[in-house]
Structure formats: structure tokens, C-alpha cells
Amino acid sequence: MEARSSIPAGCAQEILESAKNASDKGLSQYETPLSLAKILRTPLPKWIEVVCDLTAGHGQLAGGVADGATKDLLLCEIQRVQNVKLENRPLYQSLEWHRITGDVTKVYPLLKEINWQGDCFTLNPPFDLHFHKSNLEQLAHSDMEDIRTAYAADDPRVGRKQIDSTIATILIALDRMTHLGEGFLIGNNSTLERLIFAAKAPYGNLKKYVWLRIILDGNPMTKRDGDAWNEGFQTGIIYFARSHENGPQMTLDRVQNEEDLKNRLRIIPDIRHRLRNGPSVFYAEAASRGSTSTWEAVKAEWDASQRSKRTDYNIWLEEGIITRAALSTCGRAKTKFLSLITSRVDGWLDWVHHYRRGHARYASSMPRPLTMLWPAA
Ligand SMILES: C[S@@+](CC[C@H](N)C(=O)[O-])C[C@H]1O[C@@H](n2cnc3c(N)ncnc32)[C@H](O)[C@@H]1O
């Protein structure tokens, strides 16, 4: 796949808004070769039904990790792009692609609101973009203390109001990970070293969630010098899990090329239980199977919010009868409001006048504000 770092005209506004330095940096659209993605799958659990990539590009990384057991790929990507075509996938192994086209920092609050969680994350975020911290304010309310602390920490390089894209992506993934969940992230090794692994690193409290660390000599994503990785750059790959709190149990350093990586990872499935602490998905049945439908719900809500003409009213009543309802899947997942309305329609229609997005309008006999049932968007 082509490697470039520019801003495509079609989504320039969204991209320029996504990070303070987006106009200088572009998007870092270096994509993971499918062959490398397949090798990086090795340390992950045996059964992976659903893979999520928060900055997915064409889906090379998630698609490369997908194997015979994988049924769904959940992708978020700021640019409107096509899915990569996966060769040699047997027809009987269906694989559904669920793509949200949007800025992950703006999609994240919806994922949080609906309590979407995933079991497996494959991440290769843009390097060194300075995301706006205000979009990720919900990280300050994470149920994990380490995420709250990391969100509050300062990285002098990006300034108080921004957060490095690599760190932001790790925090979003950890926050939205099931207790059995895990994933890996590809980054600039010197960024990972400076921000997480070095003594007094600003996000040093995240180190304990990393169970395996790999350092590649060069950058397999840029493919400069043909397929050689040997340029003056090191790529860092960290495998991390919410339930692993013992820090890196193994570091594979100075990896030279795909063959070297493949050979050195070959042993990991056999010793994984000694490296990766905490509960994980041992059987396909243990996975969080609702994550695809909840992701679709977020997608519907996101798409609706992006339409230039969106409907203000969610329920239309004519003489006490609901004539139209425009409730997004996300809205329905948030509350059982519609079923409440329809199942108790006789009693409720007295006071329900109509529901306006973010505000409830109702007649005075209502027992409690409608907004309690349907919080304002
Ligand atoms: C390094 S590429 C990796 C793509 C894919 N994960 C892979 O490994 O092949 C980073 C991707 O992040 C996307 N991106 C940049 N900023 C983003 C944002 N705020 N939200 C979602 N995607 C973003 C870029 O367009 C680019 O496709």
C-alpha cells in the first residue's frame, strides 16, 4: 500500500480540526503490510472473533490479523477510504467490515456513552499528532485510575491542551477494553521510550499494562529502500492488556526483518500464559459478543450527527398516535425509551407531547422529566 503523509482535499476540514499540528504533519498514512500484520497476530489469543482498529486506514492491520475465527472488523478512520481486499480468504469464512468514517477523538465519547467495549485492538495510530485533549475529556472519568492520571499528566512537548496521538490511542483502547481484552500498538520506539518506558516518563504508569515489547530496526511501514527496514529509525510494538499489571515480561530487541520477527515470535503462543497475566479470552464463547452491534449503533449515531440536515424531532405524534419515530440505534441502546413509550402508550401519551433532541417537551402530568429517561445528547 502506498505510503504518504498528506491531507486529502475531501476531508481536509475534519483532519485539520483533529490535531493541532495536523497541517504540518499530515496524517501519517503509513499502512502496515498485510504480511507483517499476520506475523503480529502471533502473540494474541487463539480465538479472535472481533478485531477493532481505531485509526484503521484501509484496514490492512486489522484485516491482516483476521484469521479463520474472525467474523467482524470494527474500524474507525478519519478518511473515507475503501477496505483493503484480502486475498485467499475462503468464501465460507465470512468477514464483516464495520467502518466508522470519523475522527476517533470525536467518536470516542459516543463509544463511551453507550459503553461499547472490545476484546481485541490492533493499533497503528498516526505518529506525533497532537490531539486536542478537550475531545477526550471522558478519559478523566475513566473507571481506571491510571487512565485518569495519564489524562491529567503533562507532556511538555505537546502543551497542556494537547495529547500525543500514540498515548491518546492507548488510553482510548484501555478505557474501552473488556476485562479480558488486549491488543497491540505500533509506534515510534523513541516516542514510546520517552513517554512510557524511560525513568520519570510522563505516562510511566501505563508501562505496567505492557506485557511484551518489540523493537524493530527500521520502519516496515515506509518501505523505503525496497523491503529493507534498516534505516535510522526504530519501530516499537507493545502488547498490552487491561488485566496485565506486571509490566513487560519480554523484550525482543533489534529485530531485523519479517523473517527474524516471525522466528522470534514463534515461541510466544507456548509461553503466553507465563508472560501475559490476568484473565483473557481463552474460548471464543468468552468474548464480548455484543461489541459489533453496539459499534453499529455508534456508527448510526455518528453518521446521523454528520448529516448536514438532521432531524430535530425524534417522535411525532398526531392526535395521540406516534406517526413517526426517528430514534437512532444508539439512542435505542442508550435507553429503552421507545419500547417504554410504545408498551405503555395509553398512559404515557397523555403527557408526552413530543421529544426534541436534547430537550423533552411534555405536558405537565408527566411523573418525571423525560430527560431522565433520555439524557440530552
Ligand atoms: C499509520 S496509519 C495506519 C493505518 C492502519 N491502522 C494500518 O496499520 O494499516 C494511521 C491512520 O490513522 C488515520 N488517522 C489520523 N488521524 C486520525 C483521527 N483523528 N481519527 C481517525 N483516524 C485517523 C490516518 O488517516 C491513517 O490512515
# chains A, B, ... in the order shown; residues from 1 in each chain; ligands from 1
>>> residues_around(residues="Ala153 in chain A", least_positions_apart="4", cutoff="8 Å", atoms="only C-alpha atoms", output="ChimeraX atom specification")
/A:149,202-203
>>> select_by_dssp(residues="range 108-227 of chain A", states="strand (DSSP E)", output="number ranges by chain")
A: 118-123, 130-132, 162-164, 177-188, 210-217
>>> write_last_selection(atoms="C-alpha atoms", output="PDB file, in the first residue's frame")
ATOM      1  CA  GLY A 118     -13.869  -4.547  22.684  1.00  0.00           C
ATOM      2  CA  ASP A 119     -11.761  -7.649  23.274  1.00  0.00           C
ATOM      3  CA  CYS A 120      -9.049  -7.119  20.697  1.00  0.00           C
ATOM      4  CA  PHE A 121      -7.372  -3.938  19.435  1.00  0.00           C
ATOM      5  CA  THR A 122      -4.842  -3.671  16.626  1.00  0.00           C
ATOM      6  CA  LEU A 123      -3.452  -0.140  16.542  1.00  0.00           C
ATOM      7  CA  HIS A 130      -1.142  16.461  18.895  1.00  0.00           C
ATOM      8  CA  PHE A 131      -4.794  15.567  19.502  1.00  0.00           C
ATOM      9  CA  HIS A 132      -6.991  18.045  21.347  1.00  0.00           C
ATOM     10  CA  GLN A 162      -2.951  18.560  23.615  1.00  0.00           C
ATOM     11  CA  ILE A 163      -2.112  14.898  23.987  1.00  0.00           C
ATOM     12  CA  ASP A 164       0.220  12.805  21.858  1.00  0.00           C
ATOM     13  CA  MET A 177     -11.293  -2.735  26.615  1.00  0.00           C
ATOM     14  CA  THR A 178     -13.199  -5.556  28.279  1.00  0.00           C
ATOM     15  CA  HIS A 179     -11.599  -7.054  31.386  1.00  0.00           C
ATOM     16  CA  LEU A 180     -10.467  -9.978  29.201  1.00  0.00           C
ATOM     17  CA  GLY A 181      -9.314  -7.702  26.435  1.00  0.00           C
ATOM     18  CA  GLU A 182      -5.944  -6.878  24.966  1.00  0.00           C
ATOM     19  CA  GLY A 183      -4.234  -5.528  21.912  1.00  0.00           C
ATOM     20  CA  PHE A 184      -1.062  -4.192  20.401  1.00  0.00           C
ATOM     21  CA  LEU A 185       0.105  -0.839  19.180  1.00  0.00           C
ATOM     22  CA  ILE A 186       2.746   0.058  16.614  1.00  0.00           C
ATOM     23  CA  GLY A 187       4.550   3.321  17.315  1.00  0.00           C
ATOM     24  CA  ASN A 188       7.734   5.259  17.034  1.00  0.00           C
ATOM     25  CA  VAL A 210       2.539  -3.803  28.638  1.00  0.00           C
ATOM     26  CA  TRP A 211       3.438  -7.498  28.679  1.00  0.00           C
ATOM     27  CA  LEU A 212       5.547  -7.797  25.529  1.00  0.00           C
ATOM     28  CA  ARG A 213       7.720  -5.216  23.830  1.00  0.00           C
ATOM     29  CA  ILE A 214       9.271  -5.481  20.382  1.00  0.00           C
ATOM     30  CA  ILE A 215      11.777  -3.107  18.849  1.00  0.00           C
ATOM     31  CA  LEU A 216      12.306  -3.284  15.098  1.00  0.00           C
ATOM     32  CA  ASP A 217      15.340  -1.752  13.421  1.00  0.00           C
TER      33      ASP A 217
END
>>> closest_atom_pairs(of="chain A", to="ligand 1", cutoff="6 Å", atoms="only C-alpha atoms and all ligand atoms", output="JSON lines")
{"residue": "A:Ser18", "atom": "CA", "partner": "ligand 1", "partner_atom_place_in_ligand_line": "19 (N)", "distance": 5.1}
{"residue": "A:Leu27", "atom": "CA", "partner": "ligand 1", "partner_atom_place_in_ligand_line": "15 (C)", "distance": 4.8}
{"residue": "A:Ser28", "atom": "CA", "partner": "ligand 1", "partner_atom_place_in_ligand_line": "1 (C)", "distance": 5.1}
{"residue": "A:Gln29", "atom": "CA", "partner": "ligand 1", "partner_atom_place_in_ligand_line": "2 (S)", "distance": 4.1}
{"residue": "A:Tyr30", "atom": "CA", "partner": "ligand 1", "partner_atom_place_in_ligand_line": "1 (C)", "distance": 4.4}
{"residue": "A:Glu31", "atom": "CA", "partner": "ligand 1", "partner_atom_place_in_ligand_line": "9 (O)", "distance": 3.4}
{"residue": "A:Thr32", "atom": "CA", "partner": "ligand 1", "partner_atom_place_in_ligand_line": "9 (O)", "distance": 4.0}
{"residue": "A:Thr55", "atom": "CA", "partner": "ligand 1", "partner_atom_place_in_ligand_line": "22 (N)", "distance": 3.9}
{"residue": "A:Ala56", "atom": "CA", "partner": "ligand 1", "partner_atom_place_in_ligand_line": "6 (N)", "distance": 3.8}
{"residue": "A:Gly57", "atom": "CA", "partner": "ligand 1", "partner_atom_place_in_ligand_line": "27 (O)", "distance": 3.4}
{"residue": "A:Gly59", "atom": "CA", "partner": "ligand 1", "partner_atom_place_in_ligand_line": "9 (O)", "distance": 5.8}
{"residue": "A:Gln60", "atom": "CA", "partner": "ligand 1", "partner_atom_place_in_ligand_line": "9 (O)", "distance": 4.4}
{"residue": "A:Leu61", "atom": "CA", "partner": "ligand 1", "partner_atom_place_in_ligand_line": "8 (O)", "distance": 4.4}
{"residue": "A:Cys76", "atom": "CA", "partner": "ligand 1", "partner_atom_place_in_ligand_line": "21 (C)", "distance": 5.8}
{"residue": "A:Glu77", "atom": "CA", "partner": "ligand 1", "partner_atom_place_in_ligand_line": "22 (N)", "distance": 3.9}
{"residue": "A:Ile78", "atom": "CA", "partner": "ligand 1", "partner_atom_place_in_ligand_line": "21 (C)", "distance": 4.0}
{"residue": "A:Gln79", "atom": "CA", "partner": "ligand 1", "partner_atom_place_in_ligand_line": "25 (O)", "distance": 5.5}
{"residue": "A:Gly102", "atom": "CA", "partner": "ligand 1", "partner_atom_place_in_ligand_line": "21 (C)", "distance": 5.9}
{"residue": "A:Asp103", "atom": "CA", "partner": "ligand 1", "partner_atom_place_in_ligand_line": "20 (N)", "distance": 3.5}
{"residue": "A:Val104", "atom": "CA", "partner": "ligand 1", "partner_atom_place_in_ligand_line": "20 (N)", "distance": 3.9}
{"residue": "A:Thr105", "atom": "CA", "partner": "ligand 1", "partner_atom_place_in_ligand_line": "19 (N)", "distance": 5.9}
{"residue": "A:Leu123", "atom": "CA", "partner": "ligand 1", "partner_atom_place_in_ligand_line": "6 (N)", "distance": 5.6}
{"residue": "A:Asn124", "atom": "CA", "partner": "ligand 1", "partner_atom_place_in_ligand_line": "6 (N)", "distance": 4.4}
{"residue": "A:Pro125", "atom": "CA", "partner": "ligand 1", "partner_atom_place_in_ligand_line": "10 (C)", "distance": 4.6}
{"residue": "A:Pro126", "atom": "CA", "partner": "ligand 1", "partner_atom_place_in_ligand_line": "10 (C)", "distance": 4.3}
>>> write_last_selection(atoms="C-alpha atoms", output="mmCIF file, in the first residue's frame")
data_model
loop_
_atom_site.group_PDB
_atom_site.id
_atom_site.type_symbol
_atom_site.label_atom_id
_atom_site.label_comp_id
_atom_site.auth_asym_id
_atom_site.auth_seq_id
_atom_site.Cartn_x
_atom_site.Cartn_y
_atom_site.Cartn_z
ATOM 1 C CA SER A 18 -8.365 16.684 14.572
ATOM 2 C CA LEU A 27 -1.995 12.134 8.676
ATOM 3 C CA SER A 28 0.865 9.684 8.817
ATOM 4 C CA GLN A 29 -0.827 7.364 6.390
ATOM 5 C CA TYR A 30 1.786 4.668 6.502
ATOM 6 C CA GLU A 31 -0.037 1.399 6.463
ATOM 7 C CA THR A 32 1.002 -1.919 7.881
ATOM 8 C CA THR A 55 -7.259 4.534 13.141
ATOM 9 C CA ALA A 56 -7.717 1.852 10.541
ATOM 10 C CA GLY A 57 -6.712 3.270 7.168
ATOM 11 C CA GLY A 59 -7.934 -1.952 7.270
ATOM 12 C CA GLN A 60 -4.588 -3.555 6.460
ATOM 13 C CA LEU A 61 -3.643 -4.164 10.084
ATOM 14 C CA CYS A 76 -12.635 3.886 12.632
ATOM 15 C CA GLU A 77 -10.763 6.086 10.170
ATOM 16 C CA ILE A 78 -10.883 9.809 9.563
ATOM 17 C CA GLN A 79 -10.670 9.489 5.793
ATOM 18 C CA GLY A 102 -14.673 9.964 11.545
ATOM 19 C CA ASP A 103 -12.136 11.437 13.907
ATOM 20 C CA VAL A 104 -11.564 8.860 16.635
ATOM 21 C CA THR A 105 -11.263 11.573 19.280
ATOM 22 C CA LEU A 123 -3.452 -0.140 16.542
ATOM 23 C CA ASN A 124 -1.084 1.794 14.380
ATOM 24 C CA PRO A 125 -2.070 5.392 15.091
ATOM 25 C CA PRO A 126 -0.564 8.415 13.355
#
>>> closest_residue(among="A:Ala22, A:Val51, A:Ile100, A:Leu34", to="Ala300 in chain A", atoms="only C-alpha atoms")
A:Ile100
>>> residues_around(residues="Thr101 in chain A", least_positions_apart="4", cutoff="12 Å", atoms="only C-alpha atoms", output="ChimeraX atom specification")
/A:11,14-15,54-58,74-83,105-107,298-306
>>> write_last_selection(atoms="C-alpha atoms", output="PDB file, in the first residue's frame")
ATOM      1  CA  CYS A  11     -11.879  15.618   4.395  1.00  0.00           C
ATOM      2  CA  GLU A  14     -12.115  17.212   9.689  1.00  0.00           C
ATOM      3  CA  ILE A  15      -8.417  16.446   9.531  1.00  0.00           C
ATOM      4  CA  LEU A  54      -9.307   2.926  15.952  1.00  0.00           C
ATOM      5  CA  THR A  55      -7.259   4.534  13.141  1.00  0.00           C
ATOM      6  CA  ALA A  56      -7.717   1.852  10.541  1.00  0.00           C
ATOM      7  CA  GLY A  57      -6.712   3.270   7.168  1.00  0.00           C
ATOM      8  CA  HIS A  58      -7.818   0.722   4.568  1.00  0.00           C
ATOM      9  CA  LEU A  74     -14.623  -2.733  13.653  1.00  0.00           C
ATOM     10  CA  LEU A  75     -12.806   0.163  12.019  1.00  0.00           C
ATOM     11  CA  CYS A  76     -12.635   3.886  12.632  1.00  0.00           C
ATOM     12  CA  GLU A  77     -10.763   6.086  10.170  1.00  0.00           C
ATOM     13  CA  ILE A  78     -10.883   9.809   9.563  1.00  0.00           C
ATOM     14  CA  GLN A  79     -10.670   9.489   5.793  1.00  0.00           C
ATOM     15  CA  ARG A  80     -13.328   7.999   3.565  1.00  0.00           C
ATOM     16  CA  VAL A  81     -11.425   5.037   2.117  1.00  0.00           C
ATOM     17  CA  GLN A  82     -12.146   1.572   0.752  1.00  0.00           C
ATOM     18  CA  ASN A  83     -11.439  -1.657   2.590  1.00  0.00           C
ATOM     19  CA  THR A 105     -11.263  11.573  19.280  1.00  0.00           C
ATOM     20  CA  LYS A 106     -14.823  12.663  18.448  1.00  0.00           C
ATOM     21  CA  VAL A 107     -16.200   9.147  18.044  1.00  0.00           C
ATOM     22  CA  VAL A 298     -22.415   4.177  17.435  1.00  0.00           C
ATOM     23  CA  LYS A 299     -21.881   4.234  13.680  1.00  0.00           C
ATOM     24  CA  ALA A 300     -25.564   5.046  13.098  1.00  0.00           C
ATOM     25  CA  GLU A 301     -25.460   7.836  15.659  1.00  0.00           C
ATOM     26  CA  TRP A 302     -22.193   9.211  14.256  1.00  0.00           C
ATOM     27  CA  ASP A 303     -23.479   9.126  10.666  1.00  0.00           C
ATOM     28  CA  ALA A 304     -26.666  10.903  11.746  1.00  0.00           C
ATOM     29  CA  SER A 305     -24.649  13.594  13.525  1.00  0.00           C
ATOM     30  CA  GLN A 306     -22.587  14.174  10.362  1.00  0.00           C
TER      31      GLN A 306
END
>>> closest_residue(among="A:Asp24, A:Arg99, A:Trp47, A:Ser291", to="Asn115 in chain A", atoms="only C-alpha atoms")
A:Ser291
>>> select_by_dssp(residues="range 30-127 of chain A", states="alpha helix (DSSP H)", output="list of chain:residue names")
A:Leu34, A:Ser35, A:Leu36, A:Ala37, A:Lys38, A:Ile39, A:Leu40, A:Gln60, A:Leu61, A:Ala62, A:Gly63, A:Gly64, A:Val65, A:Val104, A:Thr105, A:Lys106, A:Val107, A:Tyr108, A:Pro109, A:Leu110, A:Leu111, A:Lys112, A:Glu113
>>> write_last_selection(atoms="C-alpha atoms", output="PDB file, in the first residue's frame")
ATOM      1  CA  LEU A  34      -0.526  -7.418   5.435  1.00  0.00           C
ATOM      2  CA  SER A  35       2.373  -9.848   5.775  1.00  0.00           C
ATOM      3  CA  LEU A  36       3.613  -8.017   8.893  1.00  0.00           C
ATOM      4  CA  ALA A  37       0.087  -7.825  10.357  1.00  0.00           C
ATOM      5  CA  LYS A  38      -0.218 -11.601  10.047  1.00  0.00           C
ATOM      6  CA  ILE A  39       3.016 -12.087  11.990  1.00  0.00           C
ATOM      7  CA  LEU A  40       1.940  -9.594  14.668  1.00  0.00           C
ATOM      8  CA  GLN A  60      -4.588  -3.555   6.460  1.00  0.00           C
ATOM      9  CA  LEU A  61      -3.643  -4.164  10.084  1.00  0.00           C
ATOM     10  CA  ALA A  62      -6.990  -5.467  11.321  1.00  0.00           C
ATOM     11  CA  GLY A  63      -7.525  -7.394   8.090  1.00  0.00           C
ATOM     12  CA  GLY A  64      -4.083  -8.977   8.313  1.00  0.00           C
ATOM     13  CA  VAL A  65      -4.719 -10.070  11.898  1.00  0.00           C
ATOM     14  CA  VAL A 104     -11.564   8.860  16.635  1.00  0.00           C
ATOM     15  CA  THR A 105     -11.263  11.573  19.280  1.00  0.00           C
ATOM     16  CA  LYS A 106     -14.823  12.663  18.448  1.00  0.00           C
ATOM     17  CA  VAL A 107     -16.200   9.147  18.044  1.00  0.00           C
ATOM     18  CA  TYR A 108     -14.741   8.098  21.392  1.00  0.00           C
ATOM     19  CA  PRO A 109     -17.318   9.983  23.540  1.00  0.00           C
ATOM     20  CA  LEU A 110     -20.087   8.049  21.757  1.00  0.00           C
ATOM     21  CA  LEU A 111     -18.300   4.740  22.356  1.00  0.00           C
ATOM     22  CA  LYS A 112     -18.059   5.689  25.993  1.00  0.00           C
ATOM     23  CA  GLU A 113     -21.629   6.907  26.298  1.00  0.00           C
TER      24      GLU A 113
END
>>> atom_distance(atom1="CA of Met250 in chain A", atom2="CA of Met221 in chain A")
23.5 Å
>>> closest_atom_pairs(of="range 27-75 of chain A", to="range 280-285 of chain A", cutoff="9 Å", atoms="only C-alpha atoms", output="Markdown table")
| residue | atom | partner | partner_atom | distance |
| --- | --- | --- | --- | --- |
| A:Pro45 | CA | A:Val281 | CA | 6.6 |
| A:Lys46 | CA | A:Phe282 | CA | 7.3 |
| A:Trp47 | CA | A:Ala284 | CA | 5.3 |
| A:Ile48 | CA | A:Ala284 | CA | 6.9 |
| A:Glu49 | CA | A:Ala284 | CA | 6.9 |
| A:Ala69 | CA | A:Ala284 | CA | 8.3 |
>>> write_last_selection(atoms="N, CA and C atoms", output="compact mmCIF listing (two decimals), in the first residue's frame")
# COMPACT_ATOMS: atom_id res chain seq x y z
N PRO A 45 -4.50 -13.95 21.58
CA PRO A 45 -5.19 -15.19 21.94
C PRO A 45 -5.54 -16.03 20.71
N LYS A 46 -5.77 -17.31 20.96
CA LYS A 46 -6.05 -18.22 19.84
C LYS A 46 -7.33 -17.83 19.11
N TRP A 47 -8.38 -17.48 19.87
CA TRP A 47 -9.67 -17.18 19.25
C TRP A 47 -9.91 -15.69 19.25
N ILE A 48 -10.01 -15.13 18.08
CA ILE A 48 -10.36 -13.71 18.00
C ILE A 48 -11.51 -13.57 17.02
N GLU A 49 -12.67 -13.25 17.56
CA GLU A 49 -13.85 -13.12 16.68
C GLU A 49 -13.99 -11.71 16.15
N ALA A 69 -11.16 -17.62 12.49
CA ALA A 69 -12.15 -17.44 13.56
C ALA A 69 -12.75 -16.04 13.58
>>> closest_residue(among="A:Leu129, A:His244, A:Tyr239, A:Phe197", to="Ile268 in chain A", atoms="only C-alpha atoms")
A:Tyr239
>>> residues_around(residues="range 245-248 of chain A", least_positions_apart="3", cutoff="9 Å", atoms="only C-alpha atoms", output="ChimeraX atom specification")
/A:206-213,238-242,251,275-278
>>> write_last_selection(atoms="N, CA and C atoms", output="mmCIF file, in the first residue's frame")
data_model
loop_
_atom_site.group_PDB
_atom_site.id
_atom_site.type_symbol
_atom_site.label_atom_id
_atom_site.label_comp_id
_atom_site.auth_asym_id
_atom_site.auth_seq_id
_atom_site.Cartn_x
_atom_site.Cartn_y
_atom_site.Cartn_z
ATOM 1 N N LEU A 206 1.613 3.744 32.629
ATOM 2 C CA LEU A 206 0.987 2.822 31.658
ATOM 3 C C LEU A 206 1.866 1.607 31.383
ATOM 4 N N LYS A 207 3.115 1.692 31.803
ATOM 5 C CA LYS A 207 4.083 0.614 31.497
ATOM 6 C C LYS A 207 3.613 -0.734 32.042
ATOM 7 N N LYS A 208 2.954 -0.703 33.190
ATOM 8 C CA LYS A 208 2.588 -1.979 33.802
ATOM 9 C C LYS A 208 1.593 -2.792 32.963
ATOM 10 N N TYR A 209 0.871 -2.142 32.062
ATOM 11 C CA TYR A 209 -0.105 -2.873 31.232
ATOM 12 C C TYR A 209 0.548 -3.537 30.015
ATOM 13 N N VAL A 210 1.828 -3.239 29.801
ATOM 14 C CA VAL A 210 2.539 -3.803 28.638
ATOM 15 C C VAL A 210 3.161 -5.141 29.044
ATOM 16 N N TRP A 211 2.855 -6.204 28.305
ATOM 17 C CA TRP A 211 3.438 -7.498 28.679
ATOM 18 C C TRP A 211 4.523 -7.959 27.711
ATOM 19 N N LEU A 212 4.518 -7.412 26.500
ATOM 20 C CA LEU A 212 5.547 -7.797 25.529
ATOM 21 C C LEU A 212 5.942 -6.551 24.744
ATOM 22 N N ARG A 213 7.239 -6.384 24.567
ATOM 23 C CA ARG A 213 7.720 -5.216 23.830
ATOM 24 C C ARG A 213 8.632 -5.688 22.704
ATOM 25 N N ILE A 238 4.069 -2.580 21.189
ATOM 26 C CA ILE A 238 3.772 -3.024 22.556
ATOM 27 C C ILE A 238 2.474 -3.817 22.558
ATOM 28 N N TYR A 239 2.500 -4.923 23.292
ATOM 29 C CA TYR A 239 1.297 -5.728 23.518
ATOM 30 C C TYR A 239 0.838 -5.400 24.931
ATOM 31 N N PHE A 240 -0.400 -5.000 25.060
ATOM 32 C CA PHE A 240 -0.861 -4.562 26.384
ATOM 33 C C PHE A 240 -2.259 -5.098 26.664
ATOM 34 N N ALA A 241 -2.572 -5.156 27.951
ATOM 35 C CA ALA A 241 -3.874 -5.678 28.369
ATOM 36 C C ALA A 241 -4.304 -4.973 29.634
ATOM 37 N N ARG A 242 -5.589 -4.781 29.758
ATOM 38 C CA ARG A 242 -6.139 -4.113 30.940
ATOM 39 C C ARG A 242 -5.841 -4.923 32.208
ATOM 40 N N THR A 251 11.301 -8.564 26.125
ATOM 41 C CA THR A 251 11.541 -7.539 25.092
ATOM 42 C C THR A 251 12.337 -8.189 23.967
ATOM 43 N N LEU A 275 3.735 -15.039 30.299
ATOM 44 C CA LEU A 275 4.064 -13.636 30.034
ATOM 45 C C LEU A 275 2.881 -12.706 30.278
ATOM 46 N N ARG A 276 1.731 -13.163 29.861
ATOM 47 C CA ARG A 276 0.534 -12.306 29.886
ATOM 48 C C ARG A 276 -0.296 -12.693 31.104
ATOM 49 N N ASN A 277 -0.276 -11.834 32.129
ATOM 50 C CA ASN A 277 -1.035 -12.126 33.343
ATOM 51 C C ASN A 277 -2.485 -11.671 33.205
ATOM 52 N N GLY A 278 -3.298 -12.108 34.140
ATOM 53 C CA GLY A 278 -4.688 -11.668 34.186
ATOM 54 C C GLY A 278 -5.560 -12.468 33.241
#
>>> residues_around(residues="Met144 in chain A", least_positions_apart="4", cutoff="9 Å", atoms="only C-alpha atoms", output="list in words")
Arg148, Thr149, Leu174 and Asp175 of chain A
